[in-house]
file work_0.pdb (PDB, C-alpha atoms, pLDDT in the B column)
ATOM      1  CA  MET Z   1     125.218  91.481  92.064  1.00 87.00           C
ATOM      2  CA  LEU Z   2     122.009  92.906  90.560  1.00 90.00           C
ATOM      3  CA  THR Z   3     119.961  90.127  92.104  1.00 91.00           C
ATOM      4  CA  GLN Z   4     121.424  90.815  95.541  1.00 92.00           C
ATOM      5  CA  ALA Z   5     120.882  94.561  95.187  1.00 91.00           C
ATOM      6  CA  GLY Z   6     117.288  93.898  94.182  1.00 91.00           C
ATOM      7  CA  ARG Z   7     116.691  91.718  97.222  1.00 92.00           C
ATOM      8  CA  LEU Z   8     118.130  94.411  99.458  1.00 92.00           C
ATOM      9  CA  LEU Z   9     115.861  97.080  97.954  1.00 90.00           C
ATOM     10  CA  ILE Z  10     112.785  94.913  98.365  1.00 90.00           C
ATOM     11  CA  SER Z  11     113.551  94.205 102.010  1.00 91.00           C
ATOM     12  CA  THR Z  12     114.619  97.681 103.107  1.00 92.00           C
ATOM     13  CA  VAL Z  13     113.029 100.418 100.983  1.00 89.00           C
ATOM     14  CA  GLY Z  14     109.509 101.375 101.938  1.00 80.00           C
ATOM     15  CA  GLY Z  15     106.666 102.392  99.692  1.00 82.00           C
ATOM     16  CA  ALA Z  16     106.220 101.119  96.175  1.00 84.00           C
ATOM     17  CA  SER Z  17     109.650 102.064  94.853  1.00 88.00           C
ATOM     18  CA  GLY Z  18     111.546  99.397  96.809  1.00 90.00           C
ATOM     19  CA  PRO Z  19     109.620  96.441  95.411  1.00 92.00           C
ATOM     20  CA  LEU Z  20     109.476  97.951  91.920  1.00 94.00           C
ATOM     21  CA  TYR Z  21     113.173  98.788  91.635  1.00 93.00           C
ATOM     22  CA  GLY Z  22     114.052  95.587  93.468  1.00 95.00           C
ATOM     23  CA  THR Z  23     112.063  93.605  90.927  1.00 95.00           C
ATOM     24  CA  LEU Z  24     113.743  95.478  88.075  1.00 96.00           C
ATOM     25  CA  LEU Z  25     117.203  94.651  89.390  1.00 95.00           C
ATOM     26  CA  ARG Z  26     116.422  91.072  90.380  1.00 96.00           C
ATOM     27  CA  ARG Z  27     114.834  90.157  87.062  1.00 97.00           C
ATOM     28  CA  THR Z  28     117.583  91.908  85.089  1.00 95.00           C
ATOM     29  CA  GLY Z  29     120.213  90.082  87.113  1.00 95.00           C
ATOM     30  CA  LYS Z  30     118.452  86.760  86.649  1.00 96.00           C
ATOM     31  CA  ALA Z  31     118.301  87.317  82.887  1.00 96.00           C
ATOM     32  CA  LEU Z  32     122.038  88.073  82.779  1.00 94.00           C
ATOM     33  CA  GLY Z  33     122.922  85.021  84.838  1.00 93.00           C
ATOM     34  CA  ASP Z  34     126.507  84.526  85.912  1.00 90.00           C
ATOM     35  CA  ALA Z  35     128.111  86.023  82.818  1.00 86.00           C
ATOM     36  CA  ALA Z  36     131.344  87.844  83.609  1.00 86.00           C
ATOM     37  CA  GLU Z  37     130.774  90.212  80.695  1.00 89.00           C
ATOM     38  CA  VAL Z  38     127.745  91.138  78.620  1.00 88.00           C
ATOM     39  CA  ASP Z  39     127.340  93.036  75.394  1.00 85.00           C
ATOM     40  CA  GLY Z  40     124.824  95.778  74.680  1.00 82.00           C
ATOM     41  CA  ARG Z  41     122.300  93.397  73.158  1.00 87.00           C
ATOM     42  CA  GLN Z  42     122.383  91.098  76.186  1.00 91.00           C
ATOM     43  CA  LEU Z  43     122.005  94.038  78.536  1.00 89.00           C
ATOM     44  CA  ALA Z  44     119.072  95.384  76.533  1.00 91.00           C
ATOM     45  CA  GLU Z  45     117.346  91.985  76.607  1.00 94.00           C
ATOM     46  CA  ALA Z  46     117.946  91.623  80.342  1.00 95.00           C
ATOM     47  CA  LEU Z  47     116.646  95.114  81.076  1.00 94.00           C
ATOM     48  CA  ARG Z  48     113.605  94.392  78.913  1.00 96.00           C
ATOM     49  CA  ALA Z  49     112.911  91.346  81.111  1.00 97.00           C
ATOM     50  CA  GLY Z  50     113.292  93.543  84.199  1.00 97.00           C
ATOM     51  CA  VAL Z  51     110.966  96.229  82.846  1.00 97.00           C
ATOM     52  CA  ASP Z  52     108.411  93.608  81.843  1.00 97.00           C
ATOM     53  CA  ALA Z  53     108.492  92.243  85.409  1.00 97.00           C
ATOM     54  CA  VAL Z  54     107.916  95.745  86.808  1.00 96.00           C
ATOM     55  CA  ARG Z  55     105.017  96.251  84.401  1.00 96.00           C
ATOM     56  CA  GLN Z  56     103.468  92.975  85.532  1.00 95.00           C
ATOM     57  CA  LEU Z  57     103.970  93.737  89.224  1.00 93.00           C
ATOM     58  CA  GLY Z  58     102.592  97.275  89.088  1.00 91.00           C
ATOM     59  CA  GLY Z  59     100.093  96.804  86.274  1.00 93.00           C
ATOM     60  CA  ALA Z  60     101.324  99.980  84.569  1.00 94.00           C
ATOM     61  CA  ALA Z  61     101.660 100.715  80.879  1.00 95.00           C
ATOM     62  CA  PRO Z  62     103.221 103.613  79.018  1.00 96.00           C
ATOM     63  CA  GLY Z  63     101.043 106.687  79.463  1.00 96.00           C
ATOM     64  CA  ASP Z  64      99.963 105.808  83.007  1.00 96.00           C
ATOM     65  CA  LYS Z  65     102.413 108.399  84.409  1.00 97.00           C
ATOM     66  CA  THR Z  66     104.808 106.013  86.150  1.00 96.00           C
ATOM     67  CA  MET Z  67     108.433 104.919  85.936  1.00 96.00           C
ATOM     68  CA  ILE Z  68     107.369 102.813  82.955  1.00 97.00           C
ATOM     69  CA  ASP Z  69     107.106 106.009  80.904  1.00 98.00           C
ATOM     70  CA  ALA Z  70     110.888 106.418  81.205  1.00 98.00           C
ATOM     71  CA  LEU Z  71     111.970 102.766  81.326  1.00 97.00           C
ATOM     72  CA  VAL Z  72     110.213 101.504  78.196  1.00 97.00           C
ATOM     73  CA  PRO Z  73     111.640 104.132  75.828  1.00 97.00           C
ATOM     74  CA  ALA Z  74     115.064 103.724  77.426  1.00 96.00           C
ATOM     75  CA  VAL Z  75     115.090  99.990  76.812  1.00 95.00           C
ATOM     76  CA  ASP Z  76     113.759 100.510  73.284  1.00 95.00           C
ATOM     77  CA  ALA Z  77     116.624 102.927  72.546  1.00 95.00           C
ATOM     78  CA  LEU Z  78     119.343 100.908  74.260  1.00 91.00           C
ATOM     79  CA  GLY Z  79     119.941  98.972  71.041  1.00 86.00           C
ATOM     80  CA  ASP Z  80     121.174 102.212  69.483  1.00 89.00           C
ATOM     81  CA  SER Z  81     123.429 103.376  72.315  1.00 90.00           C
ATOM     82  CA  PHE Z  82     123.600 104.095  76.024  1.00 92.00           C
ATOM     83  CA  ALA Z  83     123.321 107.802  75.257  1.00 94.00           C
ATOM     84  CA  ALA Z  84     120.148 107.203  73.222  1.00 95.00           C
ATOM     85  CA  ALA Z  85     118.694 105.254  76.155  1.00 95.00           C
ATOM     86  CA  ARG Z  86     119.534 108.101  78.547  1.00 96.00           C
ATOM     87  CA  ASP Z  87     117.939 110.672  76.258  1.00 97.00           C
ATOM     88  CA  ALA Z  88     114.824 108.539  75.680  1.00 98.00           C
ATOM     89  CA  ALA Z  89     114.372 108.029  79.425  1.00 98.00           C
ATOM     90  CA  ALA Z  90     114.711 111.762  80.081  1.00 98.00           C
ATOM     91  CA  GLU Z  91     112.212 112.570  77.333  1.00 98.00           C
ATOM     92  CA  GLY Z  92     109.824 109.944  78.681  1.00 98.00           C
ATOM     93  CA  ALA Z  93     110.008 111.442  82.159  1.00 98.00           C
ATOM     94  CA  VAL Z  94     109.356 114.970  80.905  1.00 98.00           C
ATOM     95  CA  ALA Z  95     106.457 113.686  78.786  1.00 98.00           C
ATOM     96  CA  THR Z  96     104.630 112.655  81.976  1.00 97.00           C
ATOM     97  CA  THR Z  97     104.110 116.297  82.956  1.00 98.00           C
ATOM     98  CA  PRO Z  98     100.809 116.890  81.104  1.00 97.00           C
ATOM     99  CA  LEU Z  99      99.426 113.431  81.934  1.00 96.00           C
ATOM    100  CA  ARG Z 100      96.916 112.494  84.606  1.00 96.00           C
ATOM    101  CA  ALA Z 101      98.321 109.710  86.762  1.00 95.00           C
ATOM    102  CA  ARG Z 102      96.387 106.465  86.335  1.00 94.00           C
ATOM    103  CA  LYS Z 103      98.600 104.157  88.425  1.00 92.00           C
ATOM    104  CA  GLY Z 104     100.769 104.407  91.482  1.00 85.00           C
ATOM    105  CA  ARG Z 105     100.698 106.794  94.372  1.00 85.00           C
ATOM    106  CA  ALA Z 106     100.304 109.843  92.122  1.00 88.00           C
ATOM    107  CA  SER Z 107      96.970 108.457  90.904  1.00 89.00           C
ATOM    108  CA  TYR Z 108      95.503 109.430  94.297  1.00 90.00           C
ATOM    109  CA  LEU Z 109      95.963 113.055  93.253  1.00 92.00           C
ATOM    110  CA  GLY Z 110      93.626 112.719  90.281  1.00 91.00           C
ATOM    111  CA  GLU Z 111      93.496 115.912  88.226  1.00 94.00           C
ATOM    112  CA  ARG Z 112      96.044 117.537  90.530  1.00 94.00           C
ATOM    113  CA  SER Z 113      98.736 115.244  89.092  1.00 93.00           C
ATOM    114  CA  ILE Z 114      98.468 117.086  85.770  1.00 96.00           C
ATOM    115  CA  GLY Z 115     101.263 119.595  85.267  1.00 97.00           C
ATOM    116  CA  HIS Z 116     103.818 117.784  87.445  1.00 96.00           C
ATOM    117  CA  GLN Z 117     106.553 115.473  86.217  1.00 97.00           C
ATOM    118  CA  ASP Z 118     106.122 111.990  87.660  1.00 96.00           C
ATOM    119  CA  PRO Z 119     108.669 111.226  90.411  1.00 94.00           C
ATOM    120  CA  GLY Z 120     108.918 107.549  89.442  1.00 94.00           C
ATOM    121  CA  ALA Z 121     109.657 108.392  85.813  1.00 97.00           C
ATOM    122  CA  THR Z 122     112.162 110.999  86.967  1.00 97.00           C
ATOM    123  CA  SER Z 123     113.975 108.552  89.245  1.00 95.00           C
ATOM    124  CA  ALA Z 124     114.005 105.952  86.458  1.00 96.00           C
ATOM    125  CA  ALA Z 125     115.554 108.485  84.077  1.00 97.00           C
ATOM    126  CA  LEU Z 126     118.215 109.238  86.702  1.00 96.00           C
ATOM    127  CA  LEU Z 127     118.907 105.511  87.048  1.00 92.00           C
ATOM    128  CA  ILE Z 128     119.415 105.173  83.293  1.00 93.00           C
ATOM    129  CA  ALA Z 129     121.634 108.277  83.266  1.00 95.00           C
ATOM    130  CA  GLY Z 130     123.735 106.643  86.002  1.00 93.00           C
ATOM    131  CA  LEU Z 131     124.037 103.494  83.894  1.00 85.00           C
ATOM    132  CA  VAL Z 132     125.333 105.604  81.019  1.00 84.00           C
ATOM    133  CA  GLU Z 133     127.808 107.403  83.261  1.00 87.00           C
ATOM    134  CA  ALA Z 134     129.064 104.125  84.695  1.00 84.00           C
ATOM    135  CA  GLY Z 135     129.354 102.704  81.171  1.00 72.00           C
ATOM    136  CA  GLY Z 136     131.637 105.525  80.140  1.00 57.00           C
ATOM    137  CA  GLU Z 137     129.525 107.108  77.410  1.00 59.00           C
TER     138      GLU Z 137
END

call {"tool": "encode", "arguments": {"input": "work_0.pdb", "output": "structure tokens"}}
result
Amino acid sequence: MLTQAGRLLISTVGGASGPLYGTLLRRTGKALGDAAEVDGRQLAEALRAGVDAVRQLGGAAPGDKTMIDALVPAVDALGDSFAAARDAAAEGAVATTPLRARKGRASYLGERSIGHQDPGATSAALLIAGLVEAGGE
């Protein structure tokens, strides 16, 4: 299901977010395979593979003021709990506010990107929060 959703995002969503989120979902789905159920460790490993694929595609690293600033801490915290992942993603998104964007569309703003929370990090934090809500925590 994740692989199909990723393909759909890549083919229908414009801008950079479609390919980036599509890659995240596709690679996560591929890492999970056809398993009917997965545990937290398997999900964390699969999401790590998805985040790594996004990092490779976009060339971003933590601190570049992108969705990576929310996704990496979320995946790092997922081993503790879904709630910890949600909180880490939210903190990562907020932490982009004082940064100057070095990658992505916001990088075109240069110094003007300082003082604004990154939209990609914010949307990634919302995605992780949705995962937590769907997981029942």

call {"tool": "resolve_selection", "arguments": {"input": "work_0.pdb", "expression": "the PyMOL selection byres ((chain Z and resi 83-98) around 10)", "output": "ChimeraX atom specification"}}
result
/Z:44,62-82,99-101,113-133,135-137

call {"tool": "write_last_selection", "arguments": {"input": "work_0.pdb", "atoms": "C-alpha atoms", "output": "compact mmCIF listing (two decimals), in the frame of the given file"}}
result
# COMPACT_ATOMS: atom_id res chain seq x y z
CA ALA Z 44 119.07 95.38 76.53
CA PRO Z 62 103.22 103.61 79.02
CA GLY Z 63 101.04 106.69 79.46
CA ASP Z 64 99.96 105.81 83.01
CA LYS Z 65 102.41 108.40 84.41
CA THR Z 66 104.81 106.01 86.15
CA MET Z 67 108.43 104.92 85.94
CA ILE Z 68 107.37 102.81 82.96
CA ASP Z 69 107.11 106.01 80.90
CA ALA Z 70 110.89 106.42 81.20
CA LEU Z 71 111.97 102.77 81.33
CA VAL Z 72 110.21 101.50 78.20
CA PRO Z 73 111.64 104.13 75.83
CA ALA Z 74 115.06 103.72 77.43
CA VAL Z 75 115.09 99.99 76.81
CA ASP Z 76 113.76 100.51 73.28
CA ALA Z 77 116.62 102.93 72.55
CA LEU Z 78 119.34 100.91 74.26
CA GLY Z 79 119.94 98.97 71.04
CA ASP Z 80 121.17 102.21 69.48
CA SER Z 81 123.43 103.38 72.32
CA PHE Z 82 123.60 104.10 76.02
CA LEU Z 99 99.43 113.43 81.93
CA ARG Z 100 96.92 112.49 84.61
CA ALA Z 101 98.32 109.71 86.76
CA SER Z 113 98.74 115.24 89.09
CA ILE Z 114 98.47 117.09 85.77
CA GLY Z 115 101.26 119.60 85.27
CA HIS Z 116 103.82 117.78 87.44
CA GLN Z 117 106.55 115.47 86.22
CA ASP Z 118 106.12 111.99 87.66
CA PRO Z 119 108.67 111.23 90.41
CA GLY Z 120 108.92 107.55 89.44
CA ALA Z 121 109.66 108.39 85.81
CA THR Z 122 112.16 111.00 86.97
CA SER Z 123 113.98 108.55 89.24
CA ALA Z 124 114.00 105.95 86.46
CA ALA Z 125 115.55 108.48 84.08
CA LEU Z 126 118.22 109.24 86.70
CA LEU Z 127 118.91 105.51 87.05
CA ILE Z 128 119.42 105.17 83.29
CA ALA Z 129 121.63 108.28 83.27
CA GLY Z 130 123.74 106.64 86.00
CA LEU Z 131 124.04 103.49 83.89
CA VAL Z 132 125.33 105.60 81.02
CA GLU Z 133 127.81 107.40 83.26
CA GLY Z 135 129.35 102.70 81.17
CA GLY Z 136 131.64 105.52 80.14
CA GLU Z 137 129.52 107.11 77.41

call {"tool": "atom_distance", "arguments": {"input": "work_0.pdb", "atom1": "atom CA of Z:Glu45", "atom2": "atom CA of Z:Leu32"}}
result
8.7 Å

call {"tool": "residues_around", "arguments": {"input": "work_0.pdb", "residues": "stretch 51-60 of chain Z", "least_positions_apart": "3", "cutoff": "6 Å", "atoms": "only C-alpha atoms", "output": "PyMOL selection string"}}
result
chain Z and resi 20+24+48

call {"tool": "atom_distance", "arguments": {"input": "work_0.pdb", "atom1": "atom CA of Z:Gly29", "atom2": "atom CA of Z:Lys103"}}
result
25.8 Å

call {"tool": "residues_near_point", "arguments": {"input": "work_0.pdb", "point": "(122.4, 85.9, 83.8)", "cutoff": "12 Å", "atoms": "all atoms listed in the file", "output": "MDAnalysis selection string"}}
result
chainID Z and resid 1:3 25:38 42:43 45:47 49:50

call {"tool": "atom_distance", "arguments": {"input": "work_0.pdb", "atom1": "atom CA of Z:Gly18", "atom2": "atom CA of Z:Ala5"}}
result
10.6 Å

call {"tool": "residues_around", "arguments": {"input": "work_0.pdb", "residues": "Z:Ala16", "least_positions_apart": "3", "cutoff": "10 Å", "atoms": "only C-alpha atoms", "output": "list in words"}}
result
Ile10, Val13, Pro19, Leu20, Tyr21, Gly22, Gly58, Gly104, Arg105 and Gly120 of chain Z
